[in-house]
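Reviewing the structure listed below.
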There are 4 protein chains.
Amino acid sequence: MSSSLGTLFRISTWGESHGPGVGVVVDGCPPRIPLTVEDIQHELDRRRPGQSKIVTPRKEDDKAEILSGVLDGLTLGTPIGLFVRNTDQRPSAYTEMQQAYRPSHADYTYDAKYGIRAVSGGGRSSARETIGRVAAGAIARKVLQHTLPAYECLAYVKSIKDIEAKVPDKLTFEHIESNIVRTCDGEAAERMIHLIETVRSEGNSVGGVVECQVRGVPPGLGEPVFDKLEADLAKAMLSLPATKGFEIGSGFSGTLMTGLEHNDEFYMDGSSVRTRTNRSGGIQGGISNGEDIVFRVAFKPTATVLREQKTITNDKQETTLSARGRHDACVLPRAVPMVEAMVHLVLADHFLRQRAQCG
Amino acid sequence: MSSSLGTLFRISTWGESHGPGVGVVVDGCPPRIPLTVEDIQHELDRRRPGQSKIVTPRKEDDKAEILSGVLDGLTLGTPIGLFVRNTDQRPSAYTEMQQAYRPSHADYTYDAKYGIRAVSGGGRSSARETIGRVAAGAIARKVLQHTLPAYECLAYVKSIKDIEAKVPDKLTFEHIESNIVRTCDGEAAERMIHLIETVRSEGNSVGGVVECQVRGVPPGLGEPVFDKLEADLAKAMLSLPATKGFEIGSGFSGTLMTGLEHNDEFYMDGSSVRTRTNRSGGIQGGISNGEDIVFRVAFKPTATVLREQKTITNDKQETTLSARGRHDACVLPRAVPMVEAMVHLVLADHFLRQRAQCG
Amino acid sequence: MSSSLGTLFRISTWGESHGPGVGVVVDGCPPRIPLTVEDIQHELDRRRPGQSKIVTPRKEDDKAEILSGVLDGLTLGTPIGLFVRNTDQRPSAYTEMQQAYRPSHADYTYDAKYGIRAVSGGGRSSARETIGRVAAGAIARKVLQHTLPAYECLAYVKSIKDIEAKVPDKLTFEHIESNIVRTCDGEAAERMIHLIETVRSEGNSVGGVVECQVRGVPPGLGEPVFDKLEADLAKAMLSLPATKGFEIGSGFSGTLMTGLEHNDEFYMDGSSVRTRTNRSGGIQGGISNGEDIVFRVAFKPTATVLREQKTITNDKQETTLSARGRHDACVLPRAVPMVEAMVHLVLADHFLRQRAQCG
Amino acid sequence: MSSSLGTLFRISTWGESHGPGVGVVVDGCPPRIPLTVEDIQHELDRRRPGQSKIVTPRKEDDKAEILSGVLDGLTLGTPIGLFVRNTDQRPSAYTEMQQAYRPSHADYTYDAKYGIRAVSGGGRSSARETIGRVAAGAIARKVLQHTLPAYECLAYVKSIKDIEAKVPDKLTFEHIESNIVRTCDGEAAERMIHLIETVRSEGNSVGGVVECQVRGVPPGLGEPVFDKLEADLAKAMLSLPATKGFEIGSGFSGTLMTGLEHNDEFYMDGSSVRTRTNRSGGIQGGISNGEDIVFRVAFKPTATVLREQKTITNDKQETTLSARGRHDACVLPRAVPMVEAMVHLVLADHFLRQRAQCG
């Protein structure tokens with residue numbers, strides 16, 4: 001269904017941007033997993049507006065409330081209901097947009113599909129929908145870490161427009177959180193921040209690429225045909241707002257190599273099966289092989305720009321529109337925890353599926 | 001589930017490469033759709049080994065048999081069972097591979113997941129599994145064309161290694177089928193054929209990019225959150241063997257643009273809502289906007305190379321392996337109908353979902 | 001999944017009895033259906049404790065809050081989030097039960113399954129979980145009535161213990177709501193009320209049978225194999241707390257007839273296809289035939305009795321337990337709206353499925 | 001979907017009665033389960049026409065062919081394709097029925113739903129569809145027995161019309177298979193056989209009740225809300241052709257008891273938790289409690305009777321119809337293995353779900 005994801009670890013998000021709030025139901029979470037509201041709030045704070053000078057200054061506290069499924073710090077095995085109340089609603093800033101379709105937004109397509117739309121703040125197409133994902137992802141991470149202590153998922157900004165970060169050999173969470181862009185290269189971070197501030201001052205926007213390394217995934221997760229692990233990751237990433245591409249391992253550049261160059265030779269590392277290279281990106285035939293899972297996601301420049309653009313009204317008259325309001329000139333710093341959340345969700349689901357079928 | 005795809009137009013494939021055969025069950029097909037076995041065979045013939053000098057010379061007739069769900073040339077609305085018997089089985093050519101894991105294949109990960117594996121011919125991980133997809137895709141296309149007469153899906157080879165095709169403005173099916181590579185540029189086709197023959201003679205392989213244009217999709221197909229149309233397309237493509245990446249519209253290169261450059265301005269073309277550019281790739285907010293859907297898929301170089309490579313045995317000894325047998329030195333000519341089939345399947349499913357919810 | 005029901009009109013309930021509240025997410029509701037909070041509250045009030053002298057006197061207001069998916073009295077096509085805050089929580093009354101498993105409750109099986117349990121008030125196994133169903137059912141009814149104006153679902157108490165109601169030929173909603181038992185026979189109602197009051201005064205309980213007539217369902221709803229309409233109704237009814245049986249049309253007594261007696265002969269009623277008898281209960285081969293859908297559901301006597309019973313503790317010691325607290329001595333008056341809600345949900349789902357596949 | 005059942009152990013049946021054959025795909029079966037074609041054939045033979053003098057004399061060999069998913073007597077973890085070719089097709093016997101709707105069959109409702117129908121032999125509504133269920137059930141039983149060696153499912157005819165069998169205390173498979181009715185009481189068997197032969201000689205038919213005892217199910221299987229174990233059993237049973245009712249444990253007669261009489265008191269049997277009575281039927285709150293699961297299913301008298309009945313044609317003219325052909329005058333002897341198969345399927349699915357969520 002439209003608003004649900006996962007087969008066994010299954011989430012259903014709900015909520016419009018300017019309604020009472022947004023939330024998520026997590027069904028299928030194993031029982032007796034330690035979980036506190038702080039585990040969830042920590043990730044929501046990384047996603048939250050107003051967290052730094054380069055993201056939207058909207059004041060949204062995004063305080064998570066656990067409504068069910070957890071007792072005395074342990075999951076019950078029953079559905080976990082999570083709720084975040086909407087606070088900063090300024091419909092007045094959006095009045096003009098009620099009639100004109102914002103270019104490269106979902107305004108027109110929602111009207112085409114449903115014949116009705118919650119105009120204010122983008123309604124269901126608002127990035128606030130991702131709050132439920134990030135909250136649920138925090139729970140999925142706890143589930144994975146409970147059984148797979150080496151599990152770790154590190155997403156980071158690989159590039160903003162044409163500024164590319166250098167990835168250190170031993171990347172840590174601290175590298176990424178040491179700068180407000182959430183990149184892994186302090187020098188590039190400076191230039192990225194400068195670029196974002198410049199385009200914002202011009203009412204313009206930029207995009208970039210998020211890369212992700214997932215460690216500690218045992219061999220055997222994933223399914224061989226339609227639900228290949230990379231297929232589910234691709235779907236999860238392309239379901240995030242503003243994404244335009246996904247590649248795993250060698251990706252598009254792998255098409256420039258020959259098979260002999262591209263293949264990952266196996267070797268024994270003590271008693272562990274390893275590959276010398278990792279062009280496969282940690283997945284072969286849809287199933288994890290124990291190497292790091294490495295992929296990249298392309299995010300387009302933010303569609304909301306504070307400059308006049310040509311468009312049409314909902315009664316099909318040509319017009320122009322200059323967006324106002326407080327928007328991200330670059331979504332990537334806040335997209336990093338979203339990418340991680342989607343990884344947690346996909347892997348938790350495949351972890352349970354593997355446990356079901358293969359014991 | 002692992003071997004099923006779709007919510008309403010739902011397919012389930014089954015079959016190993018060297019067992020009795022492979023097949024698919026299509027559940028949810030609307031009734032009274034005209035369908036003959038030739039509709040299906042035509043697409044299987046485009047996928048079939050031995051169709052030209054640049055694909056594997058294996059002799060596989062791949063004759064489709066309709067076992068249920070169709071009567072007197074019309075679908076019944078009941079499950080359509082399709083069966084293709086395996087014919088060319090030469091287990092002897094594969095003996096050596098039973099013990100050594102082929103690099104960048106699914107041999108090791110299947111063993112890690114299941115603790116058992118149909119070694120011969122790759123078993124379930126064989127590209128023969130895609131027969132069921134291509135057959136089901138032919139049915140999905142009939143469903144779409146029955147209601148949407150302008151519906152057309154054209155996939156073609158955009159590049160092989162570093163040879164890139166020029167895409168003509170008015171691309172037709174005949175352009176693509178006029179050459180055995182299934183590219184859209186006669187001059188590039190010659191060079192691609194030469195390259196494939198050269199690498200094959202060297203026991204090596206190459207990959208490339210398939211691009212796809214989908215026309216005649218009305219606005220409103222797709223779902224706003226997890227089942228975004230581009231997300232389901234990404235999953236469908238990454239579920240095909242040998243794929244490493246997916247991008248839609250501007251894709252990864254769109255990250256190099258600013259928002260002002262990237263946005264697709266709306267205008268009225270008579271009574272039709274159109275966009276001046278199509279960086280969105282025909283989808284906005286997960287929902288089709290009526291423009292052509294345009295995306296690209298990266299296929300890695302074939303993992304099977306006829307040259308000695310280092311690897312390990314299934315009892316974890318290091319060894320070397322030189323594959324033998326008859327393989328594609330480049331999968332892309334045969335991948336083109338697979339990409340199209342997956343598009344048909346995704347769109348038929350979303351077409352039915354839209355009809356269910358929005359009438 | 002455990003807490004979700006439906007393929008296209010899909011609901012997910014969440015919430016424990018003594019946590020912050022209970023709720024439901026309705027995904028897949030068509031857009032532009034008129035819906036107000038009063039539509040929902042009306043059904044919740046029929047389900048609510050404290051509504052009459054023969055139901056539990058617990059004070060639960062059960063005020064519904066619509067959190068998403070509705071704007072200005074119309075559905076948006078996006079998930080509808082509904083929330084009912086828990087108010088009357090008296091954990092003290094339940095202390096003793098924390099250690100002793102209540103006979104014929106879910107205490108022991110929850111512990112066996114999850115290894116953890118929200119003891120207070122039954123947690124997830126509380127009848128409060130049905131609040132989400134009744135609320136969602138009210139929405140499903142609006143969806144059905146929007147397209148099928150003759151749609152009407154009338155459930156009523158057919159028997160309490162050995163007191164059986166006489167069903168009038170032209171049964172109306174007013175008949176049923178004219179008495180606090182929700183039966184269709186004023187004379188029997190008096191005797192039923194007296195029986196319930198008597199067993200309650202003795203700390204005992206009784207059960208009975210709810211019958212349901214569904215009118216205005218067009219021919220063609222339902223699926224022919226696993227998702228037969230009667231199969232989905234049976235599942236829906238057996239998923240309600242305290243149910244022990246389901247029968248449709250002639251049911252168990254039909255096994256005493258011969259085929260010639262049992263068959264429903266067809267005839268033409270003007271231009272309508274009708275059957276002379278309705279032993280089929282309105283469904284043939286899993287698909288509605290246009291006659292009234294008629295079925296019965298058995299509800300066991302309430303498991304909570306205020307008398308000493310033998311049982312064991314959660315550390316497996318034999319003990320005795322006398323329940324206290326405020327319980328229903330008979331669940332049937334409050335079960336009537338639950339049965340109706342489940343019918344609405346099943347039919348709305350099949351209505352959308354039929355629209356998807358058969359246009 | 002219409003032709004699929006199960007979340008994790010998922011089957012999809014296909015096939016019309018007079019097409020090339022019928023079959024099933026089993027997806028999600030664990031790997032390395034011992035399985036031979038004989039395991040399957042054994043159950044198909046119990047379901048097969050022509051097996052005794054009281055069932056239809058149609059000659060259908062119903063030979064199972066395993067097309068995939070099994071190698072050298074072990075499951076691979078991949079989809080298991082099963083195929084049974086149709087052999088005894090006599091369309092001529094059915095000509096008359098092409099125009100007249102058979103009373104209490106699915107002819108009219110299929111036409112109402114799909115606007116098209118495979119008339120011959122009932123097409124998809126034929127009892128041949130259950131071949132796939134019985135075959136898949138045989139696999140599910142192997143899965144259950146592999147981990148739960150005490151697992152045993154015994155279905156038997158409890159009554160035919162008004163002849164009721166006495167159930168012995170220590171019921172065995174041999175009791176049931178010692179007579180061609182598959183009842184558990186030799187004396188009643190004689191009378192049942194006589195009754196079936198009599199009604200058949202009169203062109204009439206009878207129905208009855210199948211009872212089922214399921215042993216060796218550990219506590220903890222089942223889900224607490226919509227997918228309660230009894231709800232999934234009810235759905236599975238009501239999805240079988242000719243069923244009109246389901247009751248578990250005390251069932252409808254439990255409504256005549258008070259709570260004090262009805263409750264199952266817990267006690268310790270050594271280290272095992274047991275209940276003194278089993279009115280719950282082995283399931284409490286949707287979850288198995290370790291007692292035998294006991295339920296009953298009502299089967300109506302066979303709709304096909306060889307006597308003239310009033311009906312209408314598919315162009316809505318009133319007419320009469322006398323069925324010819326070779327039919328079961330009583331479906332119950334052949335229904336027994338179907339009931340068992342559905343139990344295996346439901347329990348295998350819940351077994352895998354429990355393993356997924358609770359480890």
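If you're wondering about the labels, chains in the structure tokens are A, B, ... by order shown, residues count from 1 in each chain, ligands from 1 in order shown.
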
Using DSSP on the backbone coordinates, identify the residues of range 83-177 of chain D assigned to strand (DSSP E); present them as a count of residues only. 14

Find the spatial neighbours of Arg46 in chain B, counting only C-alpha atoms, within a cut-off of 9 Å - ignore same-chain residues fewer than 5 positions away - and output them as a PDB file with N, CA, C and O atoms, in the first residue's frame.
```pdb
ATOM      1  N   GLN B  41       5.078 -15.058 -26.985  1.00  0.00           N
ATOM      2  CA  GLN B  41       6.244 -15.626 -27.658  1.00  0.00           C
ATOM      3  C   GLN B  41       7.083 -14.538 -28.314  1.00  0.00           C
ATOM      4  O   GLN B  41       8.311 -14.612 -28.319  1.00  0.00           O
ATOM      5  N   GLN B  51      19.760 -15.703 -30.589  1.00  0.00           N
ATOM      6  CA  GLN B  51      19.030 -14.896 -31.568  1.00  0.00           C
ATOM      7  C   GLN B  51      19.936 -14.123 -32.503  1.00  0.00           C
ATOM      8  O   GLN B  51      19.478 -13.624 -33.535  1.00  0.00           O
ATOM      9  N   PRO B 333      21.898  -6.540 -25.091  1.00  0.00           N
ATOM     10  CA  PRO B 333      20.886  -6.751 -26.142  1.00  0.00           C
ATOM     11  C   PRO B 333      19.691  -7.573 -25.661  1.00  0.00           C
ATOM     12  O   PRO B 333      18.549  -7.301 -26.052  1.00  0.00           O
ATOM     13  N   ARG B 334      19.953  -8.548 -24.818  1.00  0.00           N
ATOM     14  CA  ARG B 334      18.858  -9.367 -24.302  1.00  0.00           C
ATOM     15  C   ARG B 334      18.183  -8.705 -23.095  1.00  0.00           C
ATOM     16  O   ARG B 334      17.073  -9.095 -22.698  1.00  0.00           O
ATOM     17  N   VAL B 336      17.215  -5.609 -22.955  1.00  0.00           N
ATOM     18  CA  VAL B 336      16.240  -4.599 -23.400  1.00  0.00           C
ATOM     19  C   VAL B 336      14.802  -5.080 -23.211  1.00  0.00           C
ATOM     20  O   VAL B 336      13.989  -4.370 -22.595  1.00  0.00           O
ATOM     21  N   PRO B 337      14.422  -6.273 -23.704  1.00  0.00           N
ATOM     22  CA  PRO B 337      13.040  -6.698 -23.444  1.00  0.00           C
ATOM     23  C   PRO B 337      12.740  -6.957 -21.969  1.00  0.00           C
ATOM     24  O   PRO B 337      11.589  -6.862 -21.544  1.00  0.00           O
TER      25      PRO B 337
END
```

Just the residues within 10 Å of Ile180 in chain B, please, counting only C-alpha atoms, with nothing from its chain fewer than 3 positions along; format it as an NGL selection string. :B and (51-55 or 176-177 or 183 or 189-190 or 192-193 or 333-334)

Restrict the selected residues to N, CA, C and O atoms and save them as a short mmCIF file (atom, residue, chain, number, x, y, z; two decimals), in the first residue's frame.
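Writing done, so here's again.cif:
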```
data_model
loop_
_atom_site.label_atom_id
_atom_site.label_comp_id
_atom_site.auth_asym_id
_atom_site.auth_seq_id
_atom_site.Cartn_x
_atom_site.Cartn_y
_atom_site.Cartn_z
N GLN B 51 19.76 -15.70 -30.59
CA GLN B 51 19.03 -14.90 -31.57
C GLN B 51 19.94 -14.12 -32.50
O GLN B 51 19.48 -13.62 -33.53
N SER B 52 21.23 -13.96 -32.14
CA SER B 52 22.16 -13.23 -33.00
C SER B 52 23.57 -13.66 -32.67
O SER B 52 23.81 -14.39 -31.71
N LYS B 53 24.51 -13.14 -33.44
CA LYS B 53 25.91 -13.56 -33.26
C LYS B 53 26.55 -12.96 -32.00
O LYS B 53 27.63 -13.39 -31.61
N ILE B 54 25.92 -11.97 -31.41
CA ILE B 54 26.55 -11.36 -30.22
C ILE B 54 25.95 -11.82 -28.90
O ILE B 54 26.28 -11.29 -27.85
N VAL B 55 25.04 -12.78 -28.94
CA VAL B 55 24.53 -13.29 -27.67
C VAL B 55 24.94 -14.75 -27.53
O VAL B 55 25.45 -15.36 -28.46
N ILE B 176 15.29 0.68 -32.98
CA ILE B 176 15.94 -0.18 -31.98
C ILE B 176 16.12 -1.59 -32.53
O ILE B 176 17.19 -2.19 -32.37
N GLU B 177 15.11 -2.10 -33.20
CA GLU B 177 15.19 -3.48 -33.67
C GLU B 177 15.95 -3.58 -35.00
O GLU B 177 16.12 -4.70 -35.53
N THR B 183 20.35 -0.88 -30.03
CA THR B 183 20.61 0.51 -29.72
C THR B 183 19.84 1.34 -30.73
O THR B 183 19.15 0.80 -31.60
N ALA B 189 26.00 1.26 -33.25
CA ALA B 189 25.71 -0.18 -33.23
C ALA B 189 26.89 -0.96 -33.81
O ALA B 189 27.31 -1.99 -33.24
N GLU B 190 27.43 -0.48 -34.90
CA GLU B 190 28.57 -1.17 -35.53
C GLU B 190 29.74 -1.29 -34.57
O GLU B 190 30.35 -2.34 -34.41
N MET B 192 29.67 -1.03 -31.32
CA MET B 192 29.31 -1.86 -30.16
C MET B 192 29.45 -3.35 -30.51
O MET B 192 29.97 -4.13 -29.72
N ILE B 193 28.95 -3.72 -31.67
CA ILE B 193 29.04 -5.12 -32.10
C ILE B 193 30.51 -5.54 -32.16
O ILE B 193 30.90 -6.60 -31.68
N PRO B 333 21.90 -6.54 -25.09
CA PRO B 333 20.89 -6.75 -26.14
C PRO B 333 19.69 -7.57 -25.66
O PRO B 333 18.55 -7.30 -26.05
N ARG B 334 19.95 -8.55 -24.82
CA ARG B 334 18.86 -9.37 -24.30
C ARG B 334 18.18 -8.70 -23.09
O ARG B 334 17.07 -9.10 -22.70
#
```

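Residues of chain B lying within 9 Å of chain C, counting only C-alpha atoms, are Thr7, Leu8, Phe9, Gly28, Cys29, Pro30, Pro31, Gly77, Thr78, Pro224, Phe351, Leu352, Arg353, Gln354, Arg355, Ala356, Gln357, Cys358 and Gly359 of chain B.
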
Got a sec: who's within 10 Å of Ala329 in chain A, counting only C-alpha atoms, leaving out chain neighbours fewer than 3 positions off, as number ranges by chain? A: 54-56, 195-207, 301-306, 326, 332; B: 258-259

Write a file of the just-selected residues containing N, CA and C atoms, as an mmCIF file, in the first residue's frame.
```
data_model
loop_
_atom_site.group_PDB
_atom_site.id
_atom_site.type_symbol
_atom_site.label_atom_id
_atom_site.label_comp_id
_atom_site.auth_asym_id
_atom_site.auth_seq_id
_atom_site.Cartn_x
_atom_site.Cartn_y
_atom_site.Cartn_z
ATOM 1 N N ILE A 54 22.515 26.259 7.961
ATOM 2 C CA ILE A 54 22.332 25.953 6.535
ATOM 3 C C ILE A 54 21.045 25.183 6.246
ATOM 4 N N VAL A 55 20.219 24.983 7.251
ATOM 5 C CA VAL A 55 18.944 24.326 6.968
ATOM 6 C C VAL A 55 17.814 25.322 7.215
ATOM 7 N N THR A 56 16.612 24.942 6.833
ATOM 8 C CA THR A 56 15.459 25.828 7.000
ATOM 9 C C THR A 56 15.322 26.273 8.449
ATOM 10 N N LEU A 195 28.897 27.394 -0.304
ATOM 11 C CA LEU A 195 28.052 27.277 -1.503
ATOM 12 C C LEU A 195 26.574 27.345 -1.129
ATOM 13 N N ILE A 196 26.186 26.596 -0.101
ATOM 14 C CA ILE A 196 24.770 26.579 0.285
ATOM 15 C C ILE A 196 24.319 27.969 0.715
ATOM 16 N N GLU A 197 25.162 28.645 1.488
ATOM 17 C CA GLU A 197 24.778 29.990 1.921
ATOM 18 C C GLU A 197 24.663 30.950 0.748
ATOM 19 N N THR A 198 25.534 30.782 -0.218
ATOM 20 C CA THR A 198 25.499 31.668 -1.387
ATOM 21 C C THR A 198 24.233 31.449 -2.202
ATOM 22 N N VAL A 199 23.941 30.179 -2.522
ATOM 23 C CA VAL A 199 22.743 29.943 -3.354
ATOM 24 C C VAL A 199 21.490 30.347 -2.584
ATOM 25 N N ARG A 200 21.506 30.174 -1.294
ATOM 26 C CA ARG A 200 20.316 30.574 -0.542
ATOM 27 C C ARG A 200 20.123 32.080 -0.603
ATOM 28 N N SER A 201 21.233 32.796 -0.493
ATOM 29 C CA SER A 201 21.116 34.257 -0.548
ATOM 30 C C SER A 201 20.608 34.697 -1.915
ATOM 31 N N GLU A 202 20.793 33.870 -2.910
ATOM 32 C CA GLU A 202 20.305 34.181 -4.260
ATOM 33 C C GLU A 202 18.896 33.639 -4.499
ATOM 34 N N GLY A 203 18.296 33.054 -3.481
ATOM 35 C CA GLY A 203 16.977 32.447 -3.657
ATOM 36 C C GLY A 203 17.009 31.199 -4.499
ATOM 37 N N ASN A 204 18.160 30.614 -4.620
ATOM 38 C CA ASN A 204 18.340 29.442 -5.475
ATOM 39 C C ASN A 204 18.604 28.219 -4.595
ATOM 40 N N SER A 205 18.928 27.090 -5.158
ATOM 41 C CA SER A 205 19.124 25.863 -4.375
ATOM 42 C C SER A 205 20.127 24.948 -5.069
ATOM 43 N N VAL A 206 20.627 23.964 -4.334
ATOM 44 C CA VAL A 206 21.560 22.973 -4.893
ATOM 45 C C VAL A 206 21.223 21.580 -4.368
ATOM 46 N N GLY A 207 21.742 20.584 -5.105
ATOM 47 C CA GLY A 207 21.566 19.185 -4.714
ATOM 48 C C GLY A 207 22.904 18.518 -4.495
ATOM 49 N N PRO A 301 18.457 19.420 -6.738
ATOM 50 C CA PRO A 301 18.357 20.703 -6.011
ATOM 51 C C PRO A 301 16.915 20.932 -5.568
ATOM 52 N N THR A 302 16.755 21.494 -4.375
ATOM 53 C CA THR A 302 15.429 21.782 -3.826
ATOM 54 C C THR A 302 14.555 22.482 -4.859
ATOM 55 N N ALA A 303 13.329 21.982 -4.990
ATOM 56 C CA ALA A 303 12.437 22.559 -6.003
ATOM 57 C C ALA A 303 11.965 23.955 -5.628
ATOM 58 N N THR A 304 11.877 24.222 -4.323
ATOM 59 C CA THR A 304 11.411 25.541 -3.909
ATOM 60 C C THR A 304 12.538 26.558 -4.049
ATOM 61 N N VAL A 305 12.375 27.493 -4.939
ATOM 62 C CA VAL A 305 13.345 28.584 -5.099
ATOM 63 C C VAL A 305 12.581 29.894 -4.987
ATOM 64 N N LEU A 306 13.251 30.923 -4.424
ATOM 65 C CA LEU A 306 12.545 32.173 -4.121
ATOM 66 C C LEU A 306 12.702 33.152 -5.274
ATOM 67 N N ARG A 326 10.197 29.580 4.359
ATOM 68 C CA ARG A 326 11.513 29.213 4.876
ATOM 69 C C ARG A 326 11.801 27.787 4.438
ATOM 70 N N LEU A 332 20.447 18.025 1.648
ATOM 71 C CA LEU A 332 21.293 16.889 1.970
ATOM 72 C C LEU A 332 21.672 16.748 3.440
ATOM 73 N N THR B 258 21.559 23.928 -10.469
ATOM 74 C CA THR B 258 20.842 24.637 -9.399
ATOM 75 C C THR B 258 19.349 24.394 -9.571
ATOM 76 N N GLY B 259 18.613 24.738 -8.549
ATOM 77 C CA GLY B 259 17.168 24.551 -8.605
ATOM 78 C C GLY B 259 16.532 25.311 -9.758
#
```
